[in-house]
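Text of entry.txt (compact mmCIF, C-alpha atoms) as supplied:
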```txt
# COMPACT_ATOMS: atom_id res chain seq x y z
CA MET A 4 -9.10 -20.88 32.18
CA LEU A 5 -11.72 -19.21 30.00
CA GLU A 6 -14.92 -18.03 31.62
CA ARG A 7 -18.29 -19.17 30.31
CA GLU A 8 -18.95 -15.80 28.67
CA GLU A 9 -15.55 -15.91 26.96
CA LEU A 10 -16.31 -19.33 25.49
CA LYS A 11 -19.41 -17.81 23.90
CA ARG A 12 -17.61 -14.67 22.77
CA TYR A 13 -14.75 -16.48 21.01
CA ASN A 14 -16.73 -19.45 19.73
CA ARG A 15 -16.46 -18.61 16.02
CA GLN A 16 -12.66 -18.60 16.09
CA MET A 17 -12.30 -21.42 18.60
CA ILE A 18 -14.09 -23.85 16.28
CA LEU A 19 -11.22 -23.42 13.84
CA PRO A 20 -9.10 -26.55 14.37
CA GLU A 21 -5.92 -24.54 13.81
CA LEU A 22 -6.78 -22.32 16.81
CA GLY A 23 -9.12 -24.28 19.09
CA LEU A 24 -9.41 -24.00 22.85
CA HIS A 25 -5.64 -24.30 23.29
CA GLY A 26 -5.00 -21.34 20.99
CA GLN A 27 -7.63 -19.23 22.74
CA GLU A 28 -6.02 -19.95 26.09
CA LYS A 29 -2.67 -18.87 24.62
CA LEU A 30 -4.28 -15.62 23.51
CA LYS A 31 -5.68 -15.03 26.99
CA ALA A 32 -2.27 -15.63 28.56
CA ALA A 33 -0.44 -13.39 26.07
CA ARG A 34 1.02 -10.02 26.96
CA VAL A 35 1.25 -7.78 23.87
CA LEU A 36 2.84 -4.33 23.68
CA MET A 37 1.53 -1.99 20.98
CA ILE A 38 3.93 0.82 20.06
CA GLY A 39 1.76 3.61 18.70
CA ALA A 40 -2.01 4.05 18.80
CA GLY A 41 -2.28 5.85 15.46
CA GLY A 42 -3.17 4.68 11.96
CA LEU A 43 -1.68 1.20 12.30
CA GLY A 44 -2.30 0.90 16.03
CA CYS A 45 -6.07 1.46 15.78
CA PRO A 46 -7.01 -1.63 13.72
CA ILE A 47 -4.37 -3.77 15.45
CA LEU A 48 -5.66 -2.86 18.90
CA GLN A 49 -9.27 -3.41 17.91
CA TYR A 50 -8.68 -6.85 16.42
CA LEU A 51 -6.37 -8.03 19.21
CA ALA A 52 -8.82 -6.92 21.87
CA ALA A 53 -11.70 -8.53 20.00
CA ALA A 54 -9.70 -11.75 19.59
CA GLY A 55 -9.10 -11.97 23.34
CA ALA A 56 -5.43 -11.08 23.80
CA GLY A 57 -5.19 -11.16 27.59
CA THR A 58 -3.06 -8.11 28.32
CA ILE A 59 -2.39 -5.27 25.90
CA GLY A 60 -0.05 -2.37 26.63
CA ILE A 61 -0.54 0.82 24.60
CA VAL A 62 2.41 3.20 24.25
CA ASP A 63 1.64 6.63 22.77
CA ASP A 64 2.32 10.16 23.99
CA ASP A 65 0.22 11.89 21.32
CA VAL A 66 -3.29 13.36 21.47
CA VAL A 67 -6.08 12.92 18.97
CA ASP A 68 -6.06 15.52 16.21
CA ILE A 69 -8.86 16.16 13.75
CA SER A 70 -6.46 15.30 10.89
CA ASN A 71 -6.15 11.77 12.35
CA LEU A 72 -9.80 10.89 11.97
CA HIS A 73 -9.79 9.87 8.29
CA ARG A 74 -7.60 6.86 9.12
CA GLN A 75 -7.52 6.38 12.91
CA ILE A 76 -11.03 5.06 13.16
CA LEU A 77 -10.90 4.09 16.82
CA TYR A 78 -11.40 7.78 17.61
CA SER A 79 -14.18 10.30 16.99
CA ALA A 80 -14.49 14.07 16.80
CA ALA A 81 -15.40 14.14 20.49
CA ASP A 82 -11.94 12.72 21.31
CA VAL A 83 -9.92 15.53 19.70
CA GLY A 84 -7.33 16.85 22.14
CA GLN A 85 -7.47 13.76 24.37
CA PRO A 86 -4.52 11.35 24.90
CA LYS A 87 -4.69 8.53 22.38
CA ALA A 88 -3.51 5.83 24.79
CA LEU A 89 -6.19 6.68 27.36
CA ILE A 90 -9.01 7.00 24.82
CA ALA A 91 -7.95 3.73 23.18
CA LYS A 92 -7.97 1.97 26.54
CA GLN A 93 -11.43 3.33 27.32
CA LYS A 94 -12.94 2.25 24.00
CA LEU A 95 -11.26 -1.14 23.94
CA ASN A 96 -12.57 -1.84 27.44
CA GLN A 97 -16.05 -1.34 26.02
CA LEU A 98 -15.24 -3.67 23.14
CA ASN A 99 -13.99 -6.49 25.38
CA PRO A 100 -14.07 -6.23 29.20
CA PHE A 101 -12.12 -9.49 29.50
CA VAL A 102 -8.93 -7.87 28.20
CA GLU A 103 -6.57 -6.05 30.56
CA LEU A 104 -5.43 -2.78 29.01
CA ILE A 105 -2.49 -0.71 30.19
CA ALA A 106 -2.04 2.83 28.85
CA TYR A 107 1.41 4.39 28.74
CA THR A 108 0.99 8.08 27.87
CA GLU A 109 4.66 8.44 27.05
CA ARG A 110 7.00 8.07 24.10
CA ILE A 111 9.27 5.05 24.00
CA ILE A 112 12.84 6.33 24.32
CA PRO A 113 16.22 4.78 25.20
CA ALA A 114 15.64 5.53 28.90
CA ASN A 115 12.43 3.46 29.15
CA ALA A 116 12.53 1.04 26.18
CA GLN A 117 14.03 -1.94 27.95
CA GLN A 118 11.74 -1.64 30.97
CA LEU A 119 8.60 -1.32 28.83
CA ILE A 120 9.40 -4.15 26.42
CA SER A 121 10.71 -6.60 29.02
CA ASN A 122 7.24 -6.82 30.58
CA PHE A 123 5.61 -8.23 27.43
CA ASP A 124 5.81 -11.38 25.31
CA VAL A 125 5.16 -9.90 21.85
CA VAL A 126 5.85 -6.39 20.59
CA ILE A 127 4.04 -4.73 17.67
CA ASP A 128 5.57 -1.64 16.11
CA GLY A 129 3.11 0.76 14.54
CA SER A 130 5.34 3.82 14.89
CA ASP A 131 5.81 6.37 12.12
CA ASN A 132 9.48 7.33 12.47
CA PHE A 133 12.83 5.62 12.01
CA THR A 134 14.23 6.59 15.41
CA THR A 135 11.50 4.62 17.16
CA ARG A 136 11.67 1.69 14.72
CA TYR A 137 15.37 1.13 15.27
CA LEU A 138 15.07 1.58 19.02
CA VAL A 139 12.22 -0.94 19.24
CA ASN A 140 13.98 -3.40 16.95
CA ASP A 141 17.29 -3.23 18.81
CA THR A 142 15.62 -3.55 22.20
CA CYS A 143 13.57 -6.55 21.07
CA ALA A 144 16.71 -8.16 19.62
CA SER A 145 18.63 -7.69 22.86
CA LEU A 146 15.77 -9.08 24.97
CA GLY A 147 14.82 -11.92 22.62
CA LYS A 148 11.30 -10.59 22.02
CA PRO A 149 9.50 -11.26 18.70
CA LEU A 150 8.50 -8.11 16.84
CA VAL A 151 5.61 -7.66 14.42
CA PHE A 152 6.51 -4.77 12.14
CA GLY A 153 4.52 -2.66 9.70
CA SER A 154 4.91 0.64 7.90
CA ILE A 155 2.91 2.74 5.44
CA PHE A 156 3.79 5.40 2.88
CA LYS A 157 1.23 7.05 0.57
CA PHE A 158 -0.38 3.98 -1.07
CA GLU A 159 2.23 1.40 -0.02
CA GLY A 160 2.64 -0.77 3.06
CA GLN A 161 5.10 -3.32 4.43
CA VAL A 162 4.68 -6.12 6.99
CA SER A 163 7.16 -8.53 8.54
CA VAL A 164 7.89 -10.50 11.72
CA PHE A 165 11.36 -9.92 13.15
CA ASN A 166 13.52 -11.63 15.73
CA HIS A 167 11.41 -14.81 15.80
CA LEU A 168 13.24 -18.06 16.61
CA GLY A 169 16.55 -16.69 15.43
CA GLY A 170 15.09 -15.10 12.31
CA PRO A 171 16.14 -11.74 10.81
CA ASN A 172 15.55 -8.41 12.47
CA TYR A 173 14.83 -4.99 10.98
CA ARG A 174 18.51 -4.17 10.47
CA ASP A 175 18.95 -7.20 8.21
CA ILE A 176 16.97 -5.39 5.54
CA PHE A 177 17.56 -1.76 6.57
CA PRO A 178 20.96 -1.66 8.33
CA GLU A 179 20.75 2.01 9.27
CA ALA A 180 18.21 4.80 9.26
CA PRO A 181 18.22 7.46 6.54
CA PRO A 182 18.64 11.07 7.68
CA GLU A 183 15.37 12.34 9.10
CA ASN A 184 15.20 15.23 6.63
CA GLU A 185 15.26 12.83 3.66
CA VAL A 186 12.11 10.86 4.49
CA PRO A 187 8.80 12.77 4.59
CA ASN A 188 6.10 11.69 7.03
CA CYS A 189 2.36 11.34 6.49
CA ALA A 190 1.80 14.99 7.36
CA GLU A 191 4.12 16.01 4.52
CA ILE A 192 3.46 13.40 1.84
CA GLY A 193 -0.03 12.08 2.70
CA VAL A 194 -1.51 8.62 3.11
CA ILE A 195 -4.74 7.06 1.84
CA GLY A 196 -7.05 6.49 4.82
CA VAL A 197 -7.82 2.81 4.22
CA LEU A 198 -4.16 1.74 3.93
CA PRO A 199 -3.45 1.65 7.71
CA GLY A 200 -6.52 -0.56 8.08
CA ILE A 201 -5.26 -3.02 5.46
CA ILE A 202 -1.69 -3.17 6.78
CA GLY A 203 -2.78 -3.05 10.42
CA THR A 204 -5.07 -6.02 9.85
CA TYR A 205 -2.20 -7.99 8.33
CA MET A 206 -0.11 -7.13 11.39
CA ALA A 207 -2.85 -8.20 13.80
CA ASN A 208 -3.17 -11.47 11.89
CA GLU A 209 0.58 -12.11 12.22
CA ALA A 210 0.39 -11.37 15.95
CA VAL A 211 -2.48 -13.82 16.48
CA LYS A 212 -0.68 -16.54 14.48
CA LEU A 213 2.52 -15.89 16.42
CA ILE A 214 0.77 -16.15 19.79
CA CYS A 215 -1.25 -19.24 18.88
CA GLY A 216 1.59 -20.99 17.08
CA MET A 217 -0.35 -21.57 13.87
CA GLY A 218 0.12 -20.96 10.18
CA GLU A 219 3.15 -19.60 8.36
CA LEU A 220 4.56 -16.33 9.68
CA LEU A 221 6.24 -13.53 7.76
CA SER A 222 9.46 -14.27 9.60
CA GLY A 223 12.37 -13.94 7.18
CA LYS A 224 9.99 -12.36 4.67
CA LEU A 225 8.82 -8.87 3.81
CA LEU A 226 5.30 -8.43 2.46
CA THR A 227 4.80 -5.31 0.35
CA LEU A 228 1.42 -4.08 -0.83
CA ASN A 229 0.44 -1.27 -3.17
CA ALA A 230 -3.17 -0.25 -2.60
CA LEU A 231 -3.29 1.80 -5.80
CA ASP A 232 -2.71 -1.09 -8.21
CA ASN A 233 -3.44 -4.04 -5.86
CA SER A 234 0.04 -5.52 -6.30
CA LEU A 235 1.26 -7.69 -3.42
CA SER A 236 4.68 -9.32 -3.17
CA ILE A 237 6.62 -11.28 -0.56
CA PHE A 238 10.42 -11.06 -0.53
CA LYS A 239 12.88 -13.23 1.38
CA ILE A 240 15.16 -11.48 3.85
CA ALA A 241 18.73 -12.70 4.25
CA THR A 242 20.01 -12.79 7.82
CA THR A 243 23.15 -10.66 7.97
CA ALA A 244 22.95 -8.42 11.01
CA PRO A 245 24.21 -9.68 14.38
CA GLN A 246 21.96 -9.61 17.43
CA LEU A 247 22.37 -6.15 18.93
CA PRO A 248 22.76 -5.04 22.52
CA VAL A 249 20.12 -2.48 23.42
CA ASN A 250 20.71 1.07 22.17
CA LYS A 251 23.87 0.18 20.27
CA THR A 252 24.51 0.84 16.61
CA LEU A 253 25.45 -1.82 14.12
CA PRO A 254 29.07 -1.85 12.97
CA MET A 255 29.01 -1.42 9.20
CA GLU A 256 31.62 -3.86 7.93
CA GLY A 257 32.32 -5.87 4.81
CA ASN A 258 29.38 -6.92 2.68
CA ARG A 259 26.89 -6.59 5.54
CA VAL A 260 25.99 -3.11 4.39
CA ILE A 261 23.49 -2.24 1.70
CA ASN A 262 25.62 0.14 -0.36
CA GLU A 263 24.00 3.54 -0.78
CA VAL A 264 25.12 6.21 -3.19
CA ASP A 265 23.93 9.81 -3.30
CA ALA A 266 22.49 11.64 -6.30
CA ASN A 267 25.61 13.72 -6.93
CA THR A 268 27.75 10.60 -7.17
CA VAL A 269 25.35 8.94 -9.59
CA ILE A 270 25.35 12.07 -11.75
CA GLN A 271 29.15 12.05 -11.73
CA TRP A 272 29.27 8.36 -12.70
CA LEU A 273 26.83 8.91 -15.54
CA ARG A 274 28.90 11.85 -16.78
CA GLU A 275 32.33 10.23 -16.53
CA THR A 276 31.74 6.51 -17.10
CA PRO A 277 28.21 6.09 -18.52
CA ASP A 278 28.98 2.71 -20.13
CA GLU A 279 29.89 1.22 -16.76
CA ILE A 280 26.62 2.13 -15.00
CA TYR A 281 23.33 0.23 -15.24
CA LEU A 282 20.32 2.00 -13.71
CA VAL A 283 17.35 -0.11 -12.61
CA ASP A 284 14.23 1.76 -11.52
CA VAL A 285 12.16 -0.57 -9.29
CA ARG A 286 9.08 1.64 -9.05
CA GLU A 287 5.78 0.87 -10.73
CA ASP A 288 5.34 1.61 -14.44
CA TYR A 289 3.18 4.68 -13.86
CA GLU A 290 5.75 6.15 -11.45
CA PHE A 291 8.54 5.61 -13.97
CA ASP A 292 6.47 7.17 -16.75
CA ASP A 293 5.74 10.21 -14.60
CA GLU A 294 9.42 11.05 -14.00
CA ASN A 295 12.69 9.15 -14.25
CA ILE A 296 16.42 9.58 -14.78
CA GLY A 297 16.69 6.83 -17.38
CA GLY A 298 17.67 3.19 -17.09
CA VAL A 299 15.36 0.19 -17.23
CA ASN A 300 12.10 -0.12 -15.32
CA ILE A 301 11.68 -3.41 -13.42
CA PRO A 302 9.06 -3.17 -10.67
CA LEU A 303 10.35 -4.58 -7.40
CA TYR A 304 8.00 -7.55 -7.37
CA GLU A 305 9.33 -8.63 -10.80
CA LEU A 306 13.00 -8.30 -9.90
CA GLU A 307 13.67 -11.95 -9.03
CA GLU A 308 12.74 -13.18 -12.50
CA HIS A 309 14.98 -10.56 -14.14
CA VAL A 310 18.09 -10.80 -11.95
CA ASP A 311 19.92 -13.14 -14.34
CA SER A 312 19.40 -10.70 -17.21
CA LEU A 313 21.17 -7.81 -15.47
CA PRO A 314 24.58 -7.20 -17.12
CA PRO A 315 27.30 -8.81 -14.96
CA ASP A 316 30.04 -6.40 -16.07
CA LYS A 317 28.28 -3.20 -15.03
CA LYS A 318 27.74 -1.37 -11.77
CA LEU A 319 24.10 -1.82 -10.73
CA VAL A 320 22.31 1.18 -9.24
CA PHE A 321 18.74 0.63 -8.04
CA ILE A 322 16.33 3.58 -7.91
CA CYS A 323 12.90 4.12 -6.34
CA GLN A 324 10.93 7.09 -5.02
CA THR A 325 12.49 7.50 -1.56
CA GLY A 326 15.33 4.97 -1.38
CA GLN A 327 13.47 2.27 0.55
CA ARG A 328 12.39 -0.09 -2.24
CA SER A 329 15.82 0.27 -3.85
CA LYS A 330 17.41 -0.96 -0.60
CA ILE A 331 15.22 -4.04 -0.78
CA ALA A 332 16.22 -4.50 -4.43
CA ALA A 333 19.93 -4.32 -3.59
CA GLN A 334 19.49 -6.78 -0.75
CA GLN A 335 17.42 -9.14 -2.89
CA THR A 336 19.98 -9.02 -5.72
CA ARG A 337 22.68 -10.06 -3.29
CA SER A 338 20.45 -12.88 -1.99
CA PHE A 339 19.49 -14.13 -5.47
CA SER A 340 22.84 -13.85 -7.25
CA GLY A 341 25.55 -12.86 -4.76
CA ARG A 342 26.13 -9.62 -6.69
CA GLU A 343 26.69 -6.33 -4.95
CA ALA A 344 24.60 -3.36 -6.01
CA PHE A 345 23.97 0.23 -5.02
CA SER A 346 20.80 1.89 -3.77
CA LEU A 347 20.19 5.54 -4.67
CA LYS A 348 20.03 7.34 -1.33
CA GLY A 349 16.88 9.42 -1.02
CA GLY A 350 15.49 7.97 -4.26
CA ILE A 351 14.28 9.90 -7.27
CA SER A 352 13.15 12.63 -4.86
CA ALA A 353 16.80 13.52 -4.33
CA PHE A 354 17.06 14.82 -7.91
CA ASN A 355 16.04 18.34 -8.81
CA PHE A 356 14.01 18.18 -12.00
```
So, in terms of structure tokens, how does the structure I just supplied come out?
Amino acid sequence: MLEREELKRYNRQMILPELGLHGQEKLKAARVLMIGAGGLGCPILQYLAAAGAGTIGIVDDDVVDISNLHRQILYSAADVGQPKALIAKQKLNQLNPFVELIAYTERIIPANAQQLISNFDVVIDGSDNFTTRYLVNDTCASLGKPLVFGSIFKFEGQVSVFNHLGGPNYRDIFPEAPPENEVPNCAEIGVIGVLPGIIGTYMANEAVKLICGMGELLSGKLLTLNALDNSLSIFKIATTAPQLPVNKTLPMEGNRVINEVDANTVIQWLRETPDEIYLVDVREDYEFDDENIGGVNIPLYELEEHVDSLPPDKKLVFICQTGQRSKIAAQQTRSFSGREAFSLKGGISAFNF
């Protein structure tokens, strides 16, 4: 039951017929685990606490650094050197004393993942590395927990809801992680400060809808947003990966794999059989104009309308900056037309210009 003060606090959202008193009570009863209290975690935690999510767990073993402050706006200069999970708990308690906050000043690892996640109803992944993403995804899949996912890179962000009512999980679109040395992090490549706020707010919105049972979720869909040119697209995700036992790797068999090919192989193909190869660069126009290795330029969000025009007798190789958008392109091509295609591993960054 909601207390009198809570009824006042949440009045503006409770008058929405889609949410109402029943939805607010669902929020109060919900137990949400936030993986990461960094760029994505900050806006998610603030909006979930403000919305009245009853219990929120915060998992983060990092401390506040001055380089975090341009995007992790839950913290201030006075917090530098302090544990993020504890500072977040302290500040969110001030924001909403009706929310129970649990701080875990530890990293989620195979040894503790199942215990942490099993205690919550909904998991939100705001981590910044592939090791954690796959661990969280696989654990949620094995325990039957819905997962709200988001990621950011420079000016781009992605959002989806995985493992919801039998829907796809993270491995359905990215079957395996790229080598760690092939994907730069924010410290190496940079990120615009407002992007985590935009993507984090989308993720918080999906979590609230999921808990309250309202609206249309991004389950079976991947939302991509480019903050530099304001392009936003939603792609369908085909369910191909089996449900995974915790901490196990996916067997790569048959056509369940997104075929990746390295730069040396592409160079060899172009040298030996150039007429059999068709390169499709799925980056934005300005990225293609800046540097490319040839082929046609079809931005990812325009791919669906051009799939039928791709030559059926040639080997398709999709290219992007880091190899992530090209994986989506290969998966989407298979979904749209049944054709197999290759994704350039490591993207255009793998070439030495």
For Leu306 in chain A, the nearest of the candidates A:Ala333, A:Ala353, A:Ile202, A:Val125, counting only C-alpha atoms: A:Ala333
Tell me, as a PyMOL selection string, which residues lie within 7 Å of Ile322 in chain A, counting only C-alpha atoms; anything in the same chain fewer than 6 positions away does not count. chain A and resi 283-285+329+346-347+350-351
Between CA of Gln27 in chain A and CA of Ala53 in chain A, what is the distance in Å, rounded to a tenth? 11.8 Å
One number please: CA of Met4 in chain A to CA of Leu48 in chain A, in Å, one decimal.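 A separation of 22.6 Å between them.
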Take the point (9.9, -11.4, 11.2) in the file's coordinates, draw a sphere of radius 9 Å around it, and report as a VMD selection string every protein, DNA or RNA residue with an atom inside or on it, counting all atoms listed in the file. chain A and resid 149 to 152 162 to 167 170 to 173 220 to 225
Show me, as a PyMOL selection string, the residues that have an atom within 12 Å of Ala81 in chain A when counting all atoms listed in the file, minus same-chain residues fewer than 6 positions from it. chain A and resi 67-69+72+90
State, in Å with one decimal place, the distance from CA of Thr325 in chain A to CA of Ile76 in chain A.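 Atom-to-atom, CA of Thr325 in chain A to CA of Ile76 in chain A, that is 27.9 Å.
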Please provide as a PyMOL selection string all residues within 10 Å of Cys143 in chain A, with the sequence filter that same-chain residues fewer than 2 positions apart are discarded (counting only C-alpha atoms). chain A and resi 116-117+120-121+125-126+137-141+145-150+165-166+172+246-249
Top pick for closest residue to Gly216 in chain A, considering A:Arg7, A:Gly23, A:Gly341, A:Arg12 and counting only C-alpha atoms: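 Smallest separation from Gly216 in chain A among the options: A:Gly23.
Compared by their closest atoms to Thr135 in chain A, and using only C-alpha atoms, the residues A:Ala332, A:Ile155, A:Leu198, A:Ile112 rank with A:Ile112 nearest.
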Which residues are near Asp65 in chain A? Cut-off 8 Å, only C-alpha atoms, ignore same chain within fewer than 2 positions. Put them as a PyMOL selection string. chain A and resi 63+67+86-88+108
Pull C-alpha atoms from the residues just selected and write them as a PDB file, keeping the file's coordinate frame.
```
ATOM      1  CA  ASP A  63       1.640   6.630  22.770  1.00  0.00           C
ATOM      2  CA  VAL A  67      -6.080  12.920  18.970  1.00  0.00           C
ATOM      3  CA  PRO A  86      -4.520  11.350  24.900  1.00  0.00           C
ATOM      4  CA  LYS A  87      -4.690   8.530  22.380  1.00  0.00           C
ATOM      5  CA  ALA A  88      -3.510   5.830  24.790  1.00  0.00           C
ATOM      6  CA  THR A 108       0.990   8.080  27.870  1.00  0.00           C
TER       7      THR A 108
END
```
With 8 Å on each side, where is the centre of the axis-aligned box around all listed atoms of range 23-39 of chain A, and how long are its edges in Å to one decimal, as lines of an AutoDock Vina configuration file?
```
center_x = -2.7
center_y = -10.3
center_z = 23.6
size_x = 29.3
size_y = 43.9
size_z = 25.9
```
Fewer than 2 positions away in the same chain doesn't count, so skip those; otherwise give me all residues within 7 Å of range 203-207 of chain A, counting all atoms listed in the file, as an MDAnalysis selection string. chainID A and resid 43:44 46:47 50:51 151 153 162 199:201 209:211
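Shortest atom-to-atom contact with Thr134 in chain A among A:Gly160, A:Pro302, A:Gly26, A:Pro181: A:Pro181, counting only C-alpha atoms.
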Please determine, counting all atoms listed in the file, which residue among A:Asp288, A:Asp128, A:Glu307, A:Glu8 has the shortest atom-to-atom distance to Val35 in chain A.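 Among the listed residues, A:Asp128 lies closest to Val35 in chain A.
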